[in-house]
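Q: Structure provided below as structure tokens; questions to follow.
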2 protein chains.
Amino acid sequence: MISLADIRSAANEVLPITHRTPVLTCAGIERRVPGGGVPLVFKAENLQRTGSFKIRGAYYRLSQLSAAERKRGVAAASAGNHAQGVALAAKLLGITATIYMPEFASIAKIKATEGYGAKVVLAGANFDEAVAACAAFVEQSGAVYVPPYDDDAIIAGQGTLGLELLEDIQDLESVVAPIGGGGLFAGLAVALKESRPEVRLIGVQAETADNAVRSFQAGKLLENTRAPETICDGIAVKSPSPRTFEYIRKYADDVVPVTDMAVADALLLLLERAKLVVEPSGAAGLAAVLSGAAKPRGKTAIVLTGGNIDSLRLADLTQREMLRADRYLKLYTACGDFPGSLARLLAIIAAERGNVANVGHDRLSSHVALGHTRVEFLIEVRDKAHGEKIIAAIAAAGYPINVSD
Amino acid sequence: MISLADIRSAANEVLPITHRTPVLTCAGIERRVPGGGVPLVFKAENLQRTGSFKIRGAYYRLSQLSAAERKRGVAAASAGNHAQGVALAAKLLGITATIYMPEFASIAKIKATEGYGAKVVLAGANFDEAVAACAAFVEQSGAVYVPPYDDDAIIAGQGTLGLELLEDIQDLESVVAPIGGGGLFAGLAVALKESRPEVRLIGVQAETADNAVRSFQAGKLLENTRAPETICDGIAVKSPSPRTFEYIRKYADDVVPVTDMAVADALLLLLERAKLVVEPSGAAGLAAVLSGAAKPRGKTAIVLTGGNIDSLRLADLTQREMLRADRYLKLYTACGDFPGSLARLLAIIAAERGNVANVGHDRLSSHVALGHTRVEFLIEVRDKAHGEKIIAAIAAAGYPINVSD
């Protein structure tokens, strides 16, 4: 296992090229912690170069290559943040990088990786196939493979984030961070626990990819029981490696699961209240605290690990979340199929200050009488009570409610 | 006019209750400055308490009230950030606050203002009517009116941001900030120019609400020629006050206009690359620099004044911007109206790696032959070239392109 001294060595290489990401507070979010009394500090690693902490480990790993290895170039397989971390690290060190991404990789991430000067190869219908293609390339080309987490230098590099937490947050008592492959968690653990063993360290995973949760509980490495389906793509891996699990077993105070819904809630809160763009995996720590799954004590740092979420996906997630949080009202009714009929309905909604976002109009619906039209509204409302007031006003005017599809 | 000493006095009151917002850099954005060679630093005032700089001036103004005035309570009129600034300042000082907002005020801003404990009164179809209603309330209740910018204490409070810029950014050579009523700009001007006169200070306005641009050029106060229509609602005012204009005339090195489109570009760049949620007015400074309207020299601070944009509006803006930036392709074609016909079209798009976001299907279109259906696709693409490749593939398969609506 690596030592605190290893992380300090990594810091000497890494910190000169990374951002010192800010630690931020947000009263509007802190107020929502169940039970209260837990001051939250966000380590905004979404503001890191490449949009995630991954540059720390990748840069340190590459900085340790010999001149001969650098000449051979590096290769990595990743659908996400590791790709960008390796690409930028390689660029800064003047090394050629080839990144294998699965064919489904998002256009934004492909472009960002290419933007750092790496060559991107799309290969394989899933991540394992991209890894296999990368391995074949390494075999044939002699390039140096850069693993995403199962590597001492990678772990030491990610651990530099822990040093910053200790320096920048006074009276730090708990740290909550997501676990994917476990590289960040392992580095954090050494930085924190070897400096101040009393700091509580809690890991978080998506409940559908909870291998580390179960491994921690069982005291031995377990894989996922099924292919993970979660919005937390950044931490949905088959399992930590035997190497990273050693750190989890030794240092974690707890490892807890979160639902995708709790993650989406946390993500939107960070967007609306903290004004930060955070990707789903990066919001998992906050989700764990707000859902009560994680039980931190005292001043608590939550690591917002990254912010690389596709804008369109963010827009989509925002809209779905608004519906779920009763800030959109979906309303189905019917009105007479004659001029001015729809206008009258809209006037009722306007009088109640509902903001219509979308109108659907189906004259062929089999659920309304001939001469009537089924109407579907998407209305922006203040809250559930506001929505119910609008429904009541429409019902009071004689319109049917909940005309089914 | 206020002095640097006034701003230092304000700092003693204000800085203990505000966040020291971070100064951030982003290589991906800096690279886009026309001509290059201008290091950019973002003052992330969107991360300030209440989501904008307005808490600075509001808190200082309220902290200067006598005990008797505090008892009478305060009132303000605002559709936006000033409302939240006054509401939080009042809460922190134990003062009752009544905020008048126009009826169109966004649900999110009403809720946020109420969340700080203020009483919100919706009054008037536009901002002037809300101000009139507030004035009537002040007259009748004896509450102390808190103006948004035309006030020495407000100006001194906003000026504390300038002190932070000077302390936190080494070798600062230029500052770019939006101008609405001119309160922030006036305070910034005194803080910067009375400390280091060689720092260039550039103001920015929306081109449809360019009163300060024209006033600066004319050397006398001019109002907008028409009602401003711009996404930059936070800086769309009739004109600076005679008081704030004095500072603009004396200290500004330039005042420049930006288009809404440049602002939308800047806002999305900050969201995607800097991972920051910034409202349109808050992105105006970056828009001015990237569009070439503002010509800063050397290390340049851009003040991101606030982040209070409604999530739904942000989602909407993101999607429109994607279309404009050739990352969405809108494609109109026609296919035979028989089973499997649409599937074949989709297969062609999939083979070219286009990601279909929306499909419209109109069998009644008058623009296609009987037995055919007009089809409208919204497709996520990498860039313009990718979109053209998809169009070419569909055309090569014999489908018509650009079937009009």
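Labels for the structure tokens follow display order: chains A, B, ..., residues from 1 in each chain, ligands from 1.
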If you count only C-alpha atoms, which residues fall within 12 Å of Lys193 of chain B, apart from same-chain ones fewer than 5 positions away, as JSON, numbers by chain?
A: {"B": [3, 4, 159, 162, 163, 166, 172, 173, 174, 175, 185, 186, 187, 188, 198, 199, 200, 201, 202, 247, 248, 250, 251, 252, 253]}
Q: What are the residues of chain B lining chain A at 8 Å or less? Count only C-alpha atoms, and put the answer as a ChimeraX atom specification.
A: /B:22,26,46-47,49,51,107-108,111,271-278,307-308,310-312,314-316,318-319,381-382
Q: Put those residues in a file: C-alpha atoms, as an mmCIF file, in the first residue's frame.
A:
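Writing the result to part24.cif gives the following:
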data_model
loop_
_atom_site.group_PDB
_atom_site.id
_atom_site.type_symbol
_atom_site.label_atom_id
_atom_site.label_comp_id
_atom_site.auth_asym_id
_atom_site.auth_seq_id
_atom_site.Cartn_x
_atom_site.Cartn_y
_atom_site.Cartn_z
ATOM 1 C CA PRO B 22 -13.238 32.283 -5.945
ATOM 2 C CA CYS B 26 -10.522 28.065 -17.778
ATOM 3 C CA ASN B 46 -22.549 33.652 -9.112
ATOM 4 C CA LEU B 47 -21.295 31.601 -6.154
ATOM 5 C CA ARG B 49 -24.760 34.199 -1.153
ATOM 6 C CA GLY B 51 -26.509 33.931 -6.142
ATOM 7 C CA ILE B 107 -41.487 31.379 -9.739
ATOM 8 C CA ALA B 108 -37.928 30.468 -8.785
ATOM 9 C CA LYS B 111 -39.617 31.312 -3.937
ATOM 10 C CA LEU B 271 -21.833 25.987 -18.320
ATOM 11 C CA GLU B 272 -20.022 23.417 -20.449
ATOM 12 C CA ARG B 273 -16.394 24.333 -19.959
ATOM 13 C CA ALA B 274 -16.215 26.206 -16.653
ATOM 14 C CA LYS B 275 -19.033 24.131 -15.062
ATOM 15 C CA LEU B 276 -20.607 27.332 -13.754
ATOM 16 C CA VAL B 277 -24.257 28.341 -13.868
ATOM 17 C CA VAL B 278 -24.288 32.014 -14.840
ATOM 18 C CA GLY B 307 -26.154 32.812 -11.372
ATOM 19 C CA ASN B 308 -29.878 33.216 -10.842
ATOM 20 C CA ASP B 310 -34.429 29.568 -13.845
ATOM 21 C CA SER B 311 -33.545 25.918 -14.473
ATOM 22 C CA LEU B 312 -36.194 25.510 -17.106
ATOM 23 C CA LEU B 314 -31.514 27.273 -18.755
ATOM 24 C CA ALA B 315 -32.638 23.956 -20.227
ATOM 25 C CA ASP B 316 -34.488 25.777 -22.980
ATOM 26 C CA THR B 318 -29.207 25.083 -23.861
ATOM 27 C CA GLN B 319 -31.355 23.341 -26.431
ATOM 28 C CA VAL B 381 -24.536 15.662 -34.058
ATOM 29 C CA ARG B 382 -20.850 16.375 -33.444
#
Q: From the DSSP assignment of the backbone, select every residue of segment 70-265 of chain A that is alpha helix (DSSP H), and format the answer as a ChimeraX atom specification.
A: /A:70-72,81-93,107-115,127-141,152-168,183-193,211-218,242-251,260-265
Q: Grab the atom CA of Pro178 of chain B to atom CA of Leu286 of chain B distance for me, in Å with one decimal place.
A: 9.6 Å
Q: Do you know which residues are at most 10 Å from Ala294 of chain A counting only C-alpha atoms, after dropping those on the same chain fewer than 6 positions away, and could you put them as a VMD selection string?
A: chain A and resid 176 202 to 204 254 to 258 285 to 288
Q: Would you mind listing what lies within 10 Å of Gly94 of chain A as a count of residues only, with only C-alpha atoms counted and same-chain residues fewer than 4 positions away left out?
A: 6
Q: Just list the residues in segment 199-373 of chain A DSSP gives strand (DSSP E or B) on the backbone, as a PyMOL selection string.
A: chain A and resi 200-206+254-258+276+300-304+306+328-336+355-362+372-373
Q: Just want the 8 Å neighbourhood of Ile231 of chain A, counted on only C-alpha atoms, with same-chain residues fewer than 3 positions away dropped. Output as a short mmCIF file (atom, residue, chain, number, x, y, z; two decimals) with N, CA and C atoms, in the first residue's frame.
A:
data_model
loop_
_atom_site.label_atom_id
_atom_site.label_comp_id
_atom_site.auth_asym_id
_atom_site.auth_seq_id
_atom_site.Cartn_x
_atom_site.Cartn_y
_atom_site.Cartn_z
N ASP A 260 -30.74 6.49 -7.89
CA ASP A 260 -30.59 7.48 -8.97
C ASP A 260 -31.45 8.70 -8.72
N PRO A 280 -23.65 13.26 -12.56
CA PRO A 280 -24.35 12.41 -11.58
C PRO A 280 -23.42 11.75 -10.56
N SER A 281 -22.34 11.13 -10.99
CA SER A 281 -21.42 10.51 -10.03
C SER A 281 -20.90 11.52 -9.03
#
Q: Mind checking which residues fall within 10 Å of Lys389 of chain A, counting only C-alpha atoms, ignoring those fewer than 5 positions away in the same chain, and posting them as an MDAnalysis selection string?
A: chainID A and resid 349 352 354 381 384 394:395
Q: Skipping near chain neighbours, those fewer than 2 positions away, what residues fall within 12 Å of Arg344 of chain A using only C-alpha atoms, listed as a PyMOL selection string?
A: chain A and resi 334-336+338-342+346-351+394+397-399
Q: Have a look at B:Arg324, B:Ala97, B:Ile401, B:Arg61 and name the one nearest to Ala118 of chain B; count only C-alpha atoms.
A: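 Using only C-alpha atoms, the shortest distance to Ala118 of chain B belongs to B:Ala97.
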Q: When you draw a straight line from atom CA of Gln217 of chain A to atom CA of Ile235 of chain A, how long is it in Å?
A: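 Atom CA of Ile235 of chain A lies 18.5 Å from atom CA of Gln217 of chain A.
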Q: Between atom CA of Tyr145 of chain A and atom CA of Ala76 of chain A, measure the distance and give it in Å to one decimal.
A: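 It comes out at 5.8 Å.
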Q: Using only C-alpha atoms, which of B:Gln205, B:Pro197, B:Gly182, B:Gln84 sits nearest Pro242 of chain B?
A: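 Once distances to Pro242 of chain B are computed over only C-alpha atoms, the minimum belongs to B:Gly182.
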Q: Using only C-alpha atoms, which residue out of B:Val359, B:Val144, B:Leu331, B:Ile17 lies closest to Ala343 of chain B?
A: B:Val359
